[in-house]
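Engineer: Below you'll find structure_30.tsv; it's TSV, N, CA and C atoms.
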chain	number	residue	atom	x	y	z
A	25	MET	N	53.85	56.51	64.99
A	25	MET	CA	53.07	57.68	64.68
A	25	MET	C	53.54	58.32	63.37
A	26	VAL	N	54.82	58.27	63.14
A	26	VAL	CA	55.37	58.85	61.93
A	26	VAL	C	54.89	58.10	60.71
A	27	GLY	N	54.75	56.77	60.80
A	27	GLY	CA	54.28	55.97	59.68
A	27	GLY	C	52.87	56.33	59.28
A	28	VAL	N	51.99	56.62	60.24
A	28	VAL	CA	50.63	57.00	59.93
A	28	VAL	C	50.60	58.38	59.28
A	29	ALA	N	51.45	59.28	59.73
A	29	ALA	CA	51.50	60.63	59.16
A	29	ALA	C	52.01	60.60	57.73
A	30	ASN	N	52.91	59.70	57.41
A	30	ASN	CA	53.45	59.60	56.05
A	30	ASN	C	52.46	58.98	55.07
A	31	ALA	N	51.45	58.25	55.56
A	31	ALA	CA	50.48	57.61	54.69
A	31	ALA	C	49.50	58.60	54.09
A	32	PHE	N	49.31	59.73	54.73
A	32	PHE	CA	48.39	60.74	54.20
A	32	PHE	C	49.13	61.69	53.29
A	33	ASN	N	48.44	62.20	52.26
A	33	ASN	CA	49.10	63.05	51.28
A	33	ASN	C	48.87	64.53	51.53
A	34	GLY	N	48.41	64.92	52.68
A	34	GLY	CA	48.22	66.33	52.98
A	34	GLY	C	46.79	66.78	52.79
A	35	GLN	N	45.98	66.05	52.05
A	35	GLN	CA	44.58	66.43	51.86
A	35	GLN	C	43.66	65.51	52.65
A	36	GLY	N	44.21	64.68	53.49
A	36	GLY	CA	43.41	63.81	54.34
A	36	GLY	C	43.03	62.49	53.71
A	37	THR	N	43.58	62.15	52.56
A	37	THR	CA	43.29	60.87	51.93
A	37	THR	C	44.51	59.97	51.99
A	38	VAL	N	44.27	58.70	51.99
A	38	VAL	CA	45.35	57.73	52.04
A	38	VAL	C	45.89	57.52	50.64
A	39	THR	N	47.21	57.51	50.52
A	39	THR	CA	47.83	57.27	49.22
A	39	THR	C	48.34	55.84	49.14
A	40	GLY	N	48.56	55.37	47.95
A	40	GLY	CA	49.09	54.03	47.75
A	40	GLY	C	47.98	53.00	47.75
A	41	GLY	N	48.33	51.77	47.45
A	41	GLY	CA	47.32	50.70	47.40
A	41	GLY	C	46.55	50.75	46.10
A	42	ALA	N	45.88	49.65	45.81
A	42	ALA	CA	45.15	49.57	44.55
A	42	ALA	C	43.66	49.80	44.74
A	43	GLY	N	43.22	50.06	45.94
A	43	GLY	CA	41.80	50.31	46.17
A	43	GLY	C	41.01	49.03	46.21
A	44	ILE	N	39.74	49.12	45.92
A	44	ILE	CA	38.84	47.97	46.03
A	44	ILE	C	39.14	46.91	44.97
A	45	PHE	N	39.58	47.34	43.79
A	45	PHE	CA	39.90	46.36	42.75
A	45	PHE	C	41.06	45.47	43.18
A	46	GLY	N	42.04	46.07	43.80
A	46	GLY	CA	43.18	45.30	44.28
A	46	GLY	C	42.79	44.31	45.36
A	47	ALA	N	41.81	44.67	46.17
A	47	ALA	CA	41.36	43.78	47.23
A	47	ALA	C	40.52	42.63	46.67
A	48	LEU	N	39.77	42.86	45.60
A	48	LEU	CA	38.90	41.84	45.03
A	48	LEU	C	39.56	40.96	43.98
A	49	THR	N	40.72	41.36	43.52
A	49	THR	CA	41.41	40.61	42.48
A	49	THR	C	41.67	39.14	42.87
A	50	PRO	N	42.16	38.84	44.08
A	50	PRO	CA	42.36	37.43	44.43
A	50	PRO	C	41.06	36.64	44.45
A	51	LEU	N	39.98	37.24	44.93
A	51	LEU	CA	38.70	36.53	44.95
A	51	LEU	C	38.19	36.26	43.55
A	52	ILE	N	38.33	37.21	42.67
A	52	ILE	CA	37.90	37.02	41.27
A	52	ILE	C	38.74	35.94	40.62
A	53	LEU	N	40.04	35.95	40.88
A	53	LEU	CA	40.93	34.94	40.31
A	53	LEU	C	40.57	33.54	40.82
A	54	ILE	N	40.27	33.41	42.10
A	54	ILE	CA	39.87	32.11	42.65
A	54	ILE	C	38.57	31.63	42.01
A	55	PHE	N	37.59	32.53	41.83
A	55	PHE	CA	36.34	32.14	41.19
A	55	PHE	C	36.56	31.66	39.77
A	56	VAL	N	37.39	32.34	39.01
A	56	VAL	CA	37.67	31.95	37.62
A	56	VAL	C	38.33	30.57	37.58
A	57	ILE	N	39.27	30.33	38.48
A	57	ILE	CA	39.93	29.03	38.50
A	57	ILE	C	38.93	27.93	38.83
A	58	PHE	N	38.09	28.14	39.86
A	58	PHE	CA	37.08	27.14	40.22
A	58	PHE	C	36.09	26.93	39.09
A	59	TYR	N	35.74	27.98	38.38
A	59	TYR	CA	34.79	27.86	37.28
A	59	TYR	C	35.33	26.90	36.22
A	60	PHE	N	36.58	27.09	35.83
A	60	PHE	CA	37.13	26.26	34.76
A	60	PHE	C	37.56	24.88	35.23
A	61	LEU	N	37.86	24.71	36.50
A	61	LEU	CA	38.28	23.40	36.99
A	61	LEU	C	37.13	22.54	37.49
A	62	LEU	N	36.04	23.15	37.95
A	62	LEU	CA	34.95	22.38	38.54
A	62	LEU	C	33.63	22.50	37.77
A	63	ILE	N	33.21	23.68	37.48
A	63	ILE	CA	31.87	23.90	36.93
A	63	ILE	C	31.78	23.47	35.47
A	64	VAL	N	32.72	23.87	34.64
A	64	VAL	CA	32.68	23.53	33.21
A	64	VAL	C	32.73	22.02	32.98
A	65	PRO	N	33.65	21.27	33.61
A	65	PRO	CA	33.64	19.81	33.39
A	65	PRO	C	32.36	19.14	33.88
A	66	GLN	N	31.79	19.63	34.98
A	66	GLN	CA	30.54	19.05	35.48
A	66	GLN	C	29.40	19.28	34.50
A	67	ARG	N	29.33	20.45	33.91
A	67	ARG	CA	28.29	20.73	32.91
A	67	ARG	C	28.43	19.83	31.69
A	68	ARG	N	29.68	19.60	31.25
A	68	ARG	CA	29.90	18.71	30.11
A	68	ARG	C	29.43	17.30	30.43
A	69	LYS	N	29.74	16.83	31.64
A	69	LYS	CA	29.34	15.49	32.05
A	69	LYS	C	27.82	15.37	32.12
A	70	GLU	N	27.15	16.39	32.66
A	70	GLU	CA	25.69	16.38	32.72
A	70	GLU	C	25.07	16.38	31.33
A	71	ARG	N	25.63	17.17	30.42
A	71	ARG	CA	25.12	17.24	29.05
A	71	ARG	C	25.28	15.90	28.34
A	72	ALA	N	26.42	15.24	28.53
A	72	ALA	CA	26.65	13.94	27.91
A	72	ALA	C	25.68	12.89	28.46
A	73	HIS	N	25.41	12.93	29.77
A	73	HIS	CA	24.47	11.99	30.38
A	73	HIS	C	23.06	12.23	29.86
A	74	ARG	N	22.67	13.50	29.75
A	74	ARG	CA	21.34	13.85	29.25
A	74	ARG	C	21.16	13.37	27.81
A	75	GLU	N	22.18	13.53	26.98
A	75	GLU	CA	22.11	13.05	25.60
A	75	GLU	C	22.00	11.53	25.55
A	76	MET	N	22.75	10.84	26.41
A	76	MET	CA	22.69	9.39	26.45
A	76	MET	C	21.29	8.93	26.86
A	77	ILE	N	20.70	9.58	27.84
A	77	ILE	CA	19.35	9.23	28.30
A	77	ILE	C	18.33	9.46	27.19
A	78	ASN	N	18.47	10.56	26.46
A	78	ASN	CA	17.51	10.87	25.39
A	78	ASN	C	17.66	9.95	24.18
A	79	ASN	N	18.83	9.35	24.00
A	79	ASN	CA	19.07	8.50	22.83
A	79	ASN	C	18.93	7.01	23.12
A	80	LEU	N	18.36	6.65	24.27
A	80	LEU	CA	18.16	5.23	24.58
A	80	LEU	C	17.17	4.62	23.61
A	81	LYS	N	17.37	3.34	23.31
A	81	LYS	CA	16.44	2.65	22.43
A	81	LYS	C	16.27	1.21	22.92
A	82	LYS	N	15.24	0.59	22.45
A	82	LYS	CA	14.95	-0.79	22.83
A	82	LYS	C	16.10	-1.69	22.42
A	83	GLY	N	16.51	-2.57	23.33
A	83	GLY	CA	17.60	-3.49	23.04
A	83	GLY	C	18.95	-3.03	23.56
A	84	ASP	N	19.06	-1.77	24.01
A	84	ASP	CA	20.33	-1.29	24.56
A	84	ASP	C	20.63	-2.02	25.87
A	85	LYS	N	21.88	-2.35	26.05
A	85	LYS	CA	22.32	-2.97	27.30
A	85	LYS	C	22.84	-1.85	28.18
A	86	VAL	N	22.30	-1.76	29.41
A	86	VAL	CA	22.58	-0.64	30.29
A	86	VAL	C	23.02	-1.11	31.67
A	87	ILE	N	23.60	-0.18	32.42
A	87	ILE	CA	23.93	-0.37	33.82
A	87	ILE	C	23.25	0.76	34.59
A	88	THR	N	22.51	0.41	35.63
A	88	THR	CA	21.83	1.44	36.44
A	88	THR	C	22.80	2.02	37.46
A	89	SER	N	22.39	3.10	38.09
A	89	SER	CA	23.25	3.71	39.11
A	89	SER	C	23.38	2.81	40.33
A	90	GLY	N	22.49	1.84	40.49
A	90	GLY	CA	22.59	0.88	41.57
A	90	GLY	C	23.45	-0.32	41.22
A	91	GLY	N	23.95	-0.37	40.00
A	91	GLY	CA	24.84	-1.45	39.58
A	91	GLY	C	24.13	-2.64	38.96
A	92	ILE	N	22.87	-2.47	38.57
A	92	ILE	CA	22.11	-3.57	37.96
A	92	ILE	C	22.34	-3.56	36.45
A	93	TYR	N	22.70	-4.72	35.91
A	93	TYR	CA	22.90	-4.87	34.47
A	93	TYR	C	21.58	-5.36	33.87
A	94	GLY	N	21.21	-4.80	32.73
A	94	GLY	CA	19.99	-5.25	32.08
A	94	GLY	C	19.91	-4.79	30.64
A	95	THR	N	18.85	-5.23	29.97
A	95	THR	CA	18.59	-4.87	28.59
A	95	THR	C	17.24	-4.18	28.53
A	96	ILE	N	17.17	-3.06	27.83
A	96	ILE	CA	15.93	-2.29	27.74
A	96	ILE	C	14.92	-3.05	26.88
A	97	VAL	N	13.70	-3.22	27.43
A	97	VAL	CA	12.64	-3.90	26.68
A	97	VAL	C	11.46	-2.97	26.41
A	98	LYS	N	11.33	-1.90	27.19
A	98	LYS	CA	10.23	-0.96	26.98
A	98	LYS	C	10.68	0.43	27.39
A	99	LEU	N	10.34	1.42	26.56
A	99	LEU	CA	10.68	2.81	26.84
A	99	LEU	C	9.39	3.62	27.00
A	100	LYS	N	9.34	4.40	28.04
A	100	LYS	CA	8.26	5.37	28.24
A	100	LYS	C	8.90	6.72	28.47
A	101	LYS	N	8.06	7.75	28.66
A	101	LYS	CA	8.57	9.10	28.81
A	101	LYS	C	9.48	9.24	30.04
A	102	ASN	N	9.03	8.75	31.19
A	102	ASN	CA	9.77	8.95	32.43
A	102	ASN	C	10.50	7.71	32.94
A	103	TYR	N	10.21	6.56	32.39
A	103	TYR	CA	10.83	5.35	32.89
A	103	TYR	C	11.14	4.39	31.76
A	104	VAL	N	11.94	3.39	32.09
A	104	VAL	CA	12.24	2.30	31.16
A	104	VAL	C	12.06	0.99	31.90
A	105	GLU	N	11.76	-0.04	31.16
A	105	GLU	CA	11.73	-1.38	31.73
A	105	GLU	C	12.95	-2.10	31.22
A	106	ILE	N	13.69	-2.69	32.16
A	106	ILE	CA	14.86	-3.47	31.76
A	106	ILE	C	14.65	-4.92	32.19
A	107	GLU	N	15.16	-5.79	31.35
A	107	GLU	CA	15.10	-7.21	31.67
A	107	GLU	C	16.46	-7.61	32.23
A	108	VAL	N	16.44	-8.12	33.46
A	108	VAL	CA	17.70	-8.48	34.10
A	108	VAL	C	17.95	-9.97	34.06
A	109	ASP	N	16.90	-10.77	33.84
A	109	ASP	CA	17.01	-12.21	33.73
A	109	ASP	C	15.79	-12.70	32.96
A	110	ASP	N	15.70	-13.96	32.67
A	110	ASP	CA	14.53	-14.49	31.97
A	110	ASP	C	13.28	-14.20	32.79
A	111	ASN	N	12.32	-13.52	32.17
A	111	ASN	CA	11.04	-13.16	32.79
A	111	ASN	C	11.18	-12.33	34.06
A	112	THR	N	12.26	-11.61	34.22
A	112	THR	CA	12.44	-10.70	35.35
A	112	THR	C	12.70	-9.31	34.80
A	113	ARG	N	11.72	-8.44	35.01
A	113	ARG	CA	11.82	-7.08	34.51
A	113	ARG	C	11.73	-6.09	35.65
A	114	LEU	N	12.47	-5.01	35.52
A	114	LEU	CA	12.45	-3.93	36.48
A	114	LEU	C	12.06	-2.64	35.79
A	115	ARG	N	11.25	-1.85	36.45
A	115	ARG	CA	10.87	-0.55	35.92
A	115	ARG	C	11.65	0.50	36.72
A	116	ILE	N	12.45	1.29	36.02
A	116	ILE	CA	13.25	2.31	36.69
A	116	ILE	C	13.11	3.64	35.96
A	117	GLN	N	13.39	4.72	36.67
A	117	GLN	CA	13.38	6.04	36.03
A	117	GLN	C	14.56	6.15	35.09
A	118	ARG	N	14.37	6.92	34.04
A	118	ARG	CA	15.43	7.08	33.04
A	118	ARG	C	16.71	7.64	33.63
A	119	ASN	N	16.58	8.59	34.56
A	119	ASN	CA	17.77	9.25	35.12
A	119	ASN	C	18.68	8.30	35.89
A	120	PHE	N	18.16	7.14	36.29
A	120	PHE	CA	18.96	6.21	37.07
A	120	PHE	C	19.76	5.24	36.20
A	121	ILE	N	19.71	5.42	34.90
A	121	ILE	CA	20.60	4.66	34.02
A	121	ILE	C	21.90	5.44	33.97
A	122	SER	N	22.96	4.80	34.43
A	122	SER	CA	24.22	5.53	34.53
A	122	SER	C	25.06	5.44	33.26
A	123	GLN	N	24.99	4.29	32.58
A	123	GLN	CA	25.80	4.17	31.37
A	123	GLN	C	25.31	3.03	30.50
A	124	LEU	N	25.72	3.07	29.25
A	124	LEU	CA	25.47	1.97	28.33
A	124	LEU	C	26.57	0.93	28.53
A	125	ARG	N	26.19	-0.31	28.46
A	125	ARG	CA	27.15	-1.40	28.66
A	125	ARG	C	27.80	-1.73	27.33
A	126	ARG	N	29.10	-1.86	27.36
A	126	ARG	CA	29.83	-2.23	26.15
A	126	ARG	C	29.90	-3.74	26.06
A	127	GLU	N	29.89	-4.23	24.85
A	127	GLU	CA	30.00	-5.68	24.63
A	127	GLU	C	31.38	-6.16	25.06
A	128	GLU	N	31.40	-7.25	25.77
A	128	GLU	CA	32.67	-7.78	26.29
A	128	GLU	C	33.13	-8.97	25.47
Show how you would write the structure in this file as structure tokens.
Structural biologist:
Amino acid sequence: MVGVANAFNGQGTVTGGAGIFGALTPLILIFVIFYFLLIVPQRRKERAHREMINNLKKGDKVITSGGIYGTIVKLKKNYVEIEVDDNTRLRIQRNFISQLRREE
């Protein structure tokens, strides 16, 4: 009982503590850490993929997100045609090209 009586300053208000800012500081700090560790790198990766998709050209060797290797033979607005073997062509959406293939 004495501890509760000492917490009040005589005017009926509680003294000490940092208030609402002190309570929210850990949450704000956690959000800032997650922002820089998760959100920023993901945005960079998305931007790089979008630029790669926009810069595709005929003859590029690509790998699809399904793991299919091919060479671009036709480009359209929403899709590309890739040749995976002699006289075997696949039409796929641009977004499913995961990366450009490097010469080995």
Engineer: What is the atom C of Asn111 (chain A) to CA of Met76 (chain A) distance in Å?
Structural biologist: 25.7 Å
Engineer: Just the number, please: distance in Å from atom C of Leu80 (chain A) to atom C of Arg115 (chain A), one decimal.
Structural biologist: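 Taking atom C of Leu80 (chain A) as the start and atom C of Arg115 (chain A) as the end point, the length is 14.8 Å.
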Engineer: Using DSSP on the backbone, list every residue of chain A that comes out as helix (DSSP H, G or I), and give them as a ChimeraX atom specification.
Structural biologist: /A:26-31,43-78,118-120
Engineer: So that I can see what lies close to Asn119 (chain A), please list as a PyMOL selection string the residues with an atom at most 8 Å from it, counting all atoms listed in the file and leaving out residues fewer than 2 positions away in the same chain.
Structural biologist: chain A and resi 77+88-89+102-104+116-117+121-122
Engineer: Point out the residue among A:Leu99, A:Val108, A:Ile87, A:Ile52 with the least atom-to-atom distance to Leu124 (chain A), counting only N, CA and C atoms.
Structural biologist: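 Residue with the minimum atom-to-atom distance to Leu124 (chain A): A:Ile87.
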Engineer: Work out how far apart atom N of Arg125 (chain A) and atom N of Lys85 (chain A) are and give it in Å to one decimal.
Structural biologist: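 It comes out at 5.3 Å.
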Engineer: Check the DSSP output for the backbone and give back, as a list in words, the residues of region 53-100 of chain A in strand (DSSP E or B).
Structural biologist: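 Going through region 53-100 of chain A, the strand (DSSP E or B) residues come out as Lys85, Val86, Ile87, Thr88, Tyr93, Gly94, Thr95, Ile96, Val97, Lys98 and Leu99 of chain A.
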Engineer: Give the answer as one residue: which of A:Arg113, A:Phe45, A:Lys81, A:Ile54 has the shortest atom-to-atom distance to Lys100 (chain A), using only C-alpha atoms?
Structural biologist: A:Lys81
